[in-house]
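Asks: First the structure, then my questions, so here it is.
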2 protein chains.
Amino acid sequence: MTTRLDKFNEMCSIRSFYFPSAEIYSNSFAGFFEYGPTGNLIRTNIINFWRNELVRKNNFQEISGSIILPKEVFVSSGHLGNFDDPIATCEKCKLPFKLDKVISSVTGKETPENLTESDYQKILDEQKITCPSCKGKLGNITRFNLMAYINVGVQSGNLGYLRGESCQSIFLDFLRIYKTGRQTLPIVISQQGKVYRNEISPRNGLLRCREFEQLESEMFFDSEKMDITPISLDAVSDYKIKFNLVKDNLEKDYTIKEISEQKITVGNLITYNLYIMQKFLEDIGFKHENIRFREVPENDRAFYSKQTFDCEIKSEKEWVELFCVNYRTNHDLEGHSKGSKKDLTIVEDGKRILPHVLEFSSIGLDRLFYLLLENNFEVKEINGEDRNILHLKPKISPYFVAILPLMKKDGLSEKAKEIYDSLKNQNKQYFAFYDEAGSIGKRYARLDEIGCNYCVTIDHQTLDDNTVTLRDRDSLEQKRINLNEIFEVLDNLYFEKKSFNNV
Amino acid sequence: MTTRLDKFNEMCSIRSFYFPSAEIYSNSFAGFFEYGPTGNLIRTNIINFWRNELVRKNNFQEISGSIILPKEVFVSSGHLGNFDDPIATCEKCKLPFKLDKVISSVTGKETPENLTESDYQKILDEQKITCPSCKGKLGNITRFNLMAYINVGVQSGNLGYLRGESCQSIFLDFLRIYKTGRQTLPIVISQQGKVYRNEISPRNGLLRCREFEQLESEMFFDSEKMDITPISLDAVSDYKIKFNLVKDNLEKDYTIKEISEQKITVGNLITYNLYIMQKFLEDIGFKHENIRFREVPENDRAFYSKQTFDCEIKSEKEWVELFCVNYRTNHDLEGHSKGSKKDLTIVEDGKRILPHVLEFSSIGLDRLFYLLLENNFEVKEINGEDRNILHLKPKISPYFVAILPLMKKDGLSEKAKEIYDSLKNQNKQYFAFYDEAGSIGKRYARLDEIGCNYCVTIDHQTLDDNTVTLRDRDSLEQKRINLNEIFEVLDNLYFEKKSFNNV
């Protein structure tokens, strides 16, 4: 039987939303993907939504830094010491395997992090775990660093590492940005850009890539003012956030007020962080019930972290981590201060401070893309036929509106092109798509599948009474609208000031 | 004496428009840069302008591909054979040098490309050229490949190269995009993304980086239809393009009509390309006299190229190459077809075609950023004082408008914040900046320097008669505008429907 997920993956491939890089070469690498034109329109809209609705509306500052940084940076950050995976190699077929994956696929449980090599050997022996590929003996347990590097320039020994997270530039540039910015703490610095993880055997499509993109934000604050938030939390005290806390391992909503009363977070800035991020996720198109913040137990946290929440999104198969909210203390600035021998402290209110860092969110853009589409993909039976519908919001869908003549002849194409050109010349924030080829039903179906919100159809009646039909992707309903009003109606729908029922 | 260029570079540094990556580490690499918040607002606006005005208005299709691609891709493309620089190493101090730079700094002329190693040795001997650093003997002449690579995954031998140009993904993905797109030739595929060149000793700031970004477009067409253009060139026959042609080496304007009559290009598609790109450059903010297309002589062209123009921008110091328009024939698709053993031909009108490629433009984003700012930076004497003004267009400047209370007290701050919030809630395409700290003169000066187009100032008269002053960055003039009209006035200025003189 073809499941909803099969249909979704098939659609992504047929429409070239994304596909493997260098796929025409037989030895292309796993874990590298490209976005085709329609997928890239959505990807670009997601980035713009992040930039406009999260970064700019909340007065975050955005920078753009280098992907390749000197080795010393990652020595200080700890990536060269810790950013690795346990692997074992099959003594028979010589293939390498990621140990935690091999073990958990046998035990059915998540393998604890931070085990020693002899711990892993013990588990392999006790559970009689062999090579997943040829059943050979697994041996040579070691840790494989996920950081890739190049030699910069002609002279050897100048190692430049491809960043595994986009946050290090933010830490390195903090002091300069702080001084240039004329703002006081707390400040948030954001960045969008590519990162690399030399994964051992990436599968799972966009959910685990070797090359991927992050949408990152890091907050710098005075640890003595951790309860003073940029906006008043009282004004949103009834807002609900879903948690999965260590204390009860239950999925449960808490209001902002309850979070504060029950001291669920170690400070109001974290509550503010969770509020802003959950609102962002709901605004971009995830349902409340599909978002949760899972508290990470102490033994799974980095040693410097005082509190960590994984933000997880429910996909058809499982809860998937989208980003992490992590109170990193002053670990990062301290590390770079020591490594660079530069004083990174600042003075505020006469007090010298090495700011603490709250990892506000480091969203995997490719995961966000995948999960948002998967969450909003529906297979709907219409007249005995399965139809694909992608329910993306106006600011995310590849095209907000399509202008379609019912048929090419009788002057309908000319009239439709006139409307299309007029729309193009109005400096709208949304895009229109023009299509006149094929039956109107097939055109509707194709547009529903890629997520186009509305169709404006020009028919013979248009020539008589200056009305067009406006068709809603979600309800499949149609209304006749006077052409004089159509742009205002579209504006109201785009900015979600009105729903289709009320136009 | 402090020159305009000194002032410009000083401003970029003080305002953190861009700065060296990992600058807090003493051994950071040359050729890597970061954009600070204000610089990044401009950088993002340039990318959006490219996407909206060039790519989307002309119906190009945009993809987003991987930076790292398998070795085989660059064997087929020829990059691993040819993408290299001649170098020599000093026998005394052991430093490596780029030979063409060393030679041309002595001869004062451009060193010809494609010389053999013995040609270079001959020049060194004849001109008695020694190490620029220690005057030692230069030797060990060899070619250094600019492509950097990593080992992908655990097993050795899986080399992934960091692309040196963003075009290869476009060639690799062409057939899939063509099939998905339901369009016929000619089609243009675009891409924005980072590329790497392991330069030997990059200097010259943003003009020569090891890590930089490209805004790329490649046109695929039927070589038998090279004179059929997507838009009619007759409609723009008087439009002037400045050339520097091989035949006379003179800088001279030619109309589109003259280009066609005198057969300056080898086909109308190239003329269309030059027209679209020059219009883009003028629209984004370069003066006509600072743009030229330099025809590249046959012996400096790649062997497969039938015609090449370097688009150059005049900077204070010299003409700088911004991108290249290159008729690449079917070299790229043929190479990848052979290398991948996949048939990349298509069928149109019953004819089987391996499309030809016109490199429409591969703009270096960082060069575009630098040249656009440098070209539009003015040092103006006002009341005996030197003032910096950055004359960026509304869609490029970091902030289009600033909302400023004359002073904090007397309710002026409250009124100004009200206007600022109202503007924020109107879903405008432009950004506003709010600032109430310091004297109004200093605030104006700071905003002029970073390129903010207009200032709206709220003073005591505002509370009386509901008018504000609107101040123009370019003329420094002010007008009183009624608050009821201010947003409409700003809209007209943003979309350049009216000039400041006419509002």
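Letters A, B, ... mark the chains of the structure tokens in the order given; residue numbers begin at 1 per chain; ligand numbers begin at 1, in order shown.
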Within 8 Å of segment 244-246 of chain A, counting only C-alpha atoms, which residues qualify if same-chain residues fewer than 3 places away don't, as a PyMOL selection string?
Replies: chain A and resi 249-252+292-297
Asks: Could you please take those selected residues and save N, CA, C and O atoms as a compact mmCIF listing (two decimals), in the first residue's frame?
Replies:
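The new file part.txt reads:
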```
# COMPACT_ATOMS: atom_id res chain seq x y z
N ASN A 249 8.65 12.78 32.44
CA ASN A 249 8.67 12.22 31.09
C ASN A 249 7.29 12.18 30.45
O ASN A 249 6.94 11.26 29.73
N LEU A 250 6.48 13.21 30.76
CA LEU A 250 5.12 13.30 30.19
C LEU A 250 5.04 14.48 29.24
O LEU A 250 5.66 15.51 29.47
N GLU A 251 4.26 14.32 28.18
CA GLU A 251 4.04 15.42 27.26
C GLU A 251 2.90 16.26 27.80
O GLU A 251 1.78 15.76 27.93
N LYS A 252 3.19 17.51 28.14
CA LYS A 252 2.18 18.28 28.87
C LYS A 252 2.35 19.78 28.63
O LYS A 252 3.48 20.28 28.59
N ARG A 292 7.21 20.13 20.65
CA ARG A 292 7.46 19.95 22.08
C ARG A 292 8.90 20.30 22.43
O ARG A 292 9.80 20.21 21.60
N PHE A 293 9.08 20.73 23.67
CA PHE A 293 10.43 20.99 24.17
C PHE A 293 10.79 19.90 25.16
O PHE A 293 10.19 19.78 26.23
N ARG A 294 11.75 19.07 24.77
CA ARG A 294 12.14 17.94 25.61
C ARG A 294 13.35 18.36 26.44
O ARG A 294 14.39 18.76 25.90
N GLU A 295 13.17 18.29 27.75
CA GLU A 295 14.29 18.64 28.65
C GLU A 295 15.35 17.55 28.56
O GLU A 295 15.03 16.35 28.65
N VAL A 296 16.59 17.95 28.38
CA VAL A 296 17.68 16.98 28.22
C VAL A 296 18.26 16.68 29.61
O VAL A 296 18.64 17.61 30.33
N PRO A 297 18.30 15.40 30.00
CA PRO A 297 18.82 15.06 31.34
C PRO A 297 20.29 15.45 31.49
O PRO A 297 21.01 15.52 30.49
```
Asks: Excluding Val195 of chain A and any residue of its chain fewer than 4 positions from it, enumerate the residues within 10 Å of it, using only C-alpha atoms, and give them as a ChimeraX atom specification.
Replies: /A:67-68,147,162-166,209-214,364
Asks: Among segment 229-365 of chain A, which residues does DSSP mark as alpha helix (DSSP H) when it is run on the backbone? Keep the chain and numbering as in the structure and answer as a ChimeraX atom specification.
Replies: /A:256-261,268-284,331-340,365
Asks: At a cut-off of 9 Å, using only C-alpha atoms, what residues contact Gln121 of chain B? Leave out same-chain residues fewer than 4 positions from it and give the result as a PDB file with N, CA and C atoms, in the first residue's frame.
Replies:
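Output saved as result30.pdb:
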```
ATOM      1  N   THR B 116      54.190  28.653 -20.321  1.00  0.00           N
ATOM      2  CA  THR B 116      54.788  27.416 -19.805  1.00  0.00           C
ATOM      3  C   THR B 116      55.764  27.773 -18.681  1.00  0.00           C
ATOM      4  N   GLU B 117      56.223  26.738 -17.971  1.00  0.00           N
ATOM      5  CA  GLU B 117      57.144  26.995 -16.874  1.00  0.00           C
ATOM      6  C   GLU B 117      58.469  27.599 -17.364  1.00  0.00           C
ATOM      7  N   ASP B 125      64.613  35.407 -15.505  1.00  0.00           N
ATOM      8  CA  ASP B 125      66.035  35.590 -15.780  1.00  0.00           C
ATOM      9  C   ASP B 125      66.283  36.916 -16.501  1.00  0.00           C
ATOM     10  N   GLU B 126      65.496  37.137 -17.579  1.00  0.00           N
ATOM     11  CA  GLU B 126      65.700  38.342 -18.392  1.00  0.00           C
ATOM     12  C   GLU B 126      65.499  39.615 -17.582  1.00  0.00           C
ATOM     13  N   GLY B 139      62.690  30.149  -7.395  1.00  0.00           N
ATOM     14  CA  GLY B 139      62.857  28.915  -8.153  1.00  0.00           C
ATOM     15  C   GLY B 139      61.658  28.005  -7.981  1.00  0.00           C
ATOM     16  N   ILE B 141      59.542  26.602 -10.037  1.00  0.00           N
ATOM     17  CA  ILE B 141      58.329  27.087 -10.716  1.00  0.00           C
ATOM     18  C   ILE B 141      57.385  25.918 -10.962  1.00  0.00           C
TER      19      ILE B 141
END
```
Asks: Using only C-alpha atoms, which residues sit within 7 Å of segment 234-239 of chain A once same-chain residues fewer than 2 positions away are excluded, as a PDB file with N, CA, C and O atoms, in the first residue's frame?
Replies:
```pdb
ATOM      1  N   SER A 232       7.735  41.969  28.242  1.00  0.00           N
ATOM      2  CA  SER A 232       7.101  41.522  29.478  1.00  0.00           C
ATOM      3  C   SER A 232       6.437  40.161  29.290  1.00  0.00           C
ATOM      4  O   SER A 232       5.612  39.977  28.385  1.00  0.00           O
ATOM      5  N   ILE A 241       3.077  26.296  26.319  1.00  0.00           N
ATOM      6  CA  ILE A 241       4.213  25.615  25.698  1.00  0.00           C
ATOM      7  C   ILE A 241       4.164  24.150  26.111  1.00  0.00           C
ATOM      8  O   ILE A 241       3.937  23.838  27.274  1.00  0.00           O
ATOM      9  N   THR A 255       1.488  26.838  30.961  1.00  0.00           N
ATOM     10  CA  THR A 255       1.409  28.245  30.577  1.00  0.00           C
ATOM     11  C   THR A 255       2.705  28.934  31.011  1.00  0.00           C
ATOM     12  O   THR A 255       3.433  28.436  31.873  1.00  0.00           O
ATOM     13  N   ILE A 256       2.958  30.110  30.403  1.00  0.00           N
ATOM     14  CA  ILE A 256       4.134  30.901  30.782  1.00  0.00           C
ATOM     15  C   ILE A 256       4.099  31.151  32.302  1.00  0.00           C
ATOM     16  O   ILE A 256       5.124  31.092  32.982  1.00  0.00           O
ATOM     17  N   LYS A 257       2.900  31.411  32.813  1.00  0.00           N
ATOM     18  CA  LYS A 257       2.743  31.663  34.249  1.00  0.00           C
ATOM     19  C   LYS A 257       3.168  30.433  35.058  1.00  0.00           C
ATOM     20  O   LYS A 257       3.920  30.546  36.043  1.00  0.00           O
TER      21      LYS A 257
END
```
Asks: Report, in Å to a single decimal, how far apart atom CA of Lys317 of chain B and atom CA of Thr265 of chain B are.
Replies: 29.1 Å
